[in-house]
Amino acid sequence: GGNNAGHTIVVDGVKYAFHMLPSGLVNLKCVSVIGSGVVVHVPSFFKELEELEAQGLDCDGRLFISDRCHLVFDFHQIVDGLKEGELGRGSIGTTKKGIGPAYSSKASRSGIRVHHLYHPAEFEKRLRTIVAARYRRYGDFGYDVEEELKRYQKLAERLRPFVIDSVEFLHKELRAGKRILVEGANALMLDIDFGTYPYVTSSSTGVGGVCTGLGIPPTKVGEVIGVAKAYTTRVGGGPFPSELLDEVGQKLRDVGAEYGVTTGRPRRCGWLDLVVLRYSTMINGYTSINLTKLDVLDVFDEIKVAVSYTIDGKEVTAFPADLDDLATATVNYVTLPGWKQSISKCRSFAELPENCQKYVRFIEQDIGVPVQWIGVGAGREEMISIDLAN
């Protein structure tokens with residue numbers, strides 16, 4: 001992806017909003033790398049960096065970007081809006097950040113990568129060619145190529161200290177025995193191949209993206225941590241079988257502060273869908289789960305969990321490819337008792353209320369993967385860590 005997704009990280013009471021930059025920057029011992037699979041809008045890169053540094057986060061010498069990253073330009077963002085307009089009521093619900101059009105340029109082999117910035121003649125030729133092609137498709141949408149060339153001449157020099165050969169860098173670190181944590185921006189259901197196509201993003205968001213987006217071989221991938229909320233959310237269009245369009249859904253949204261970090265749009269909310277989580281587990285091979293925002297469920301008398309669908313009179317436990325089938329699905333729920341008390345002060349699994357423990361165990365038993373971390377609040381320290389060895 002690019003700066004179309006967002007994560008909110010709260011550290012020592014300070015709230016940081018991440019869009020394109022790795023959230024590992026909050027750890028001052030961490031070096032962060034934006035991998036080759038990311039598409040980068042350079043002005044947004046610097047805007048986000050400036051906002052983080054204004055909050056006192058020192059990123060100097062700790063942030064790098066692959067020279068193989070494809071670039072997102074303002075014309076990609078314009079085209080994104082034009083494409084959504086053409087789709088009308090069938091629009092995907094994109095963030096209009098130009099991500100899809102940038103990946104289209106990449107796939108059609110007409111894209112512009114970071115390293116092209118440092119070969120001005122080649123950069124100019126490529127930019128003029130790709131904009132001319134978009135004009136032929138959409139008409140003249142008022143994009144000033146001359147001004148853009150001047151702007152990127154300055155941006156290129158400003159970006160230069162951050163640019164590295166990320167493949168060589170990462171493999172050097174691996175040979176040195178360093179630990180690498182890869183952060184995925186989007187969930188599996190937005191994956192271009194395995195998500196709810198066409199209501200997806202334009203890249204591989206599953207564990208396979210670690211290999212294709214960073215140049216790390218599968219043999220180097222160790223633990224795969226699945227990050228899942230204790231309920232289900234979605235931003236934008238697309239199917240959402242367990243979505244709640246009533247006061248329960250609104251309560252999840254309000255208590256969970258479910259508003260998009262990048263767009264500010266209210267997220268769609270519903271009960272946890274184990275059909276989706278099961279499917280995600282099969283594809284990604286999770287070794288453990290980080291179950292977040294469990295405290296949001298503190299306020300409910302009972303909690304439902306989607307365990308299967310009924311489609312054309314048949315029970316279905318696997319996630320279907322056909323969205324028309326999904327549109328007719330009836331969700332089959334299991335209802336579990338709530339715990340009706342705050343868990344925000346709990347710091348061990350044993351401290352959780354009995355019904356809360358049963359909820360976690362129910363999830364584990366269904367997907368066959370242990371829960372290793374449980375989020376019980378917004379703060380970084382509001383987390384339960386479970387020793388799986390015992």
# chains A, B, ... in the order shown; residues from 1 in each chain; ligands from 1
>>> residues_around(residues="Gly209 in chain A", least_positions_apart="4", cutoff="12 Å", atoms="only C-alpha atoms", output="PyMOL selection string")
chain A and resi 1+35-38+182-188+191-193+202-205+213-218+221+283-284
>>> residues_around(residues="Lys178 in chain A", least_positions_apart="5", cutoff="12 Å", atoms="only C-alpha atoms", output="VMD selection string")
chain A and resid 30 to 31 169 to 173 220
>>> closest_residue(among="A:Glu147, A:Glu168, A:Glu351, A:Asp246", to="Asp67 in chain A", atoms="only C-alpha atoms")
A:Glu168
>>> residues_around(residues="Thr233 in chain A", least_positions_apart="2", cutoff="7 Å", atoms="only C-alpha atoms", output="tab-separated table (two decimals) with N, CA, C and O atoms, in the first residue's frame")
chain	number	residue	atom	x	y	z
A	231	TYR	N	-13.52	-7.68	17.63
A	231	TYR	CA	-14.73	-7.56	16.83
A	231	TYR	C	-14.25	-7.24	15.42
A	231	TYR	O	-13.05	-7.25	15.14
A	267	ARG	N	-15.73	3.92	10.65
A	267	ARG	CA	-15.56	2.53	10.22
A	267	ARG	C	-16.87	1.77	10.42
A	267	ARG	O	-17.62	2.04	11.36
A	268	ARG	N	-17.12	0.83	9.54
A	268	ARG	CA	-18.26	-0.07	9.69
A	268	ARG	C	-17.88	-1.12	10.74
A	268	ARG	O	-16.77	-1.60	10.76
A	269	CYS	N	-18.81	-1.44	11.62
A	269	CYS	CA	-18.50	-2.32	12.75
A	269	CYS	C	-19.46	-3.49	12.84
A	269	CYS	O	-20.64	-3.39	12.45
A	270	GLY	N	-18.97	-4.60	13.36
A	270	GLY	CA	-19.81	-5.78	13.54
A	270	GLY	C	-19.15	-6.76	14.49
A	270	GLY	O	-18.02	-6.56	14.96
>>> select_by_dssp(residues="range 189-225 of chain A", states="alpha helix (DSSP H)", output="list in words")
Gly208, Gly209, Val210, Cys211, Thr212, Gly213 and Leu214 of chain A
>>> atom_distance(atom1="CA of Leu71 in chain A", atom2="CA of Asn27 in chain A")
27.0 Å
>>> atom_distance(atom1="CA of Val275 in chain A", atom2="CA of Thr219 in chain A")
28.6 Å
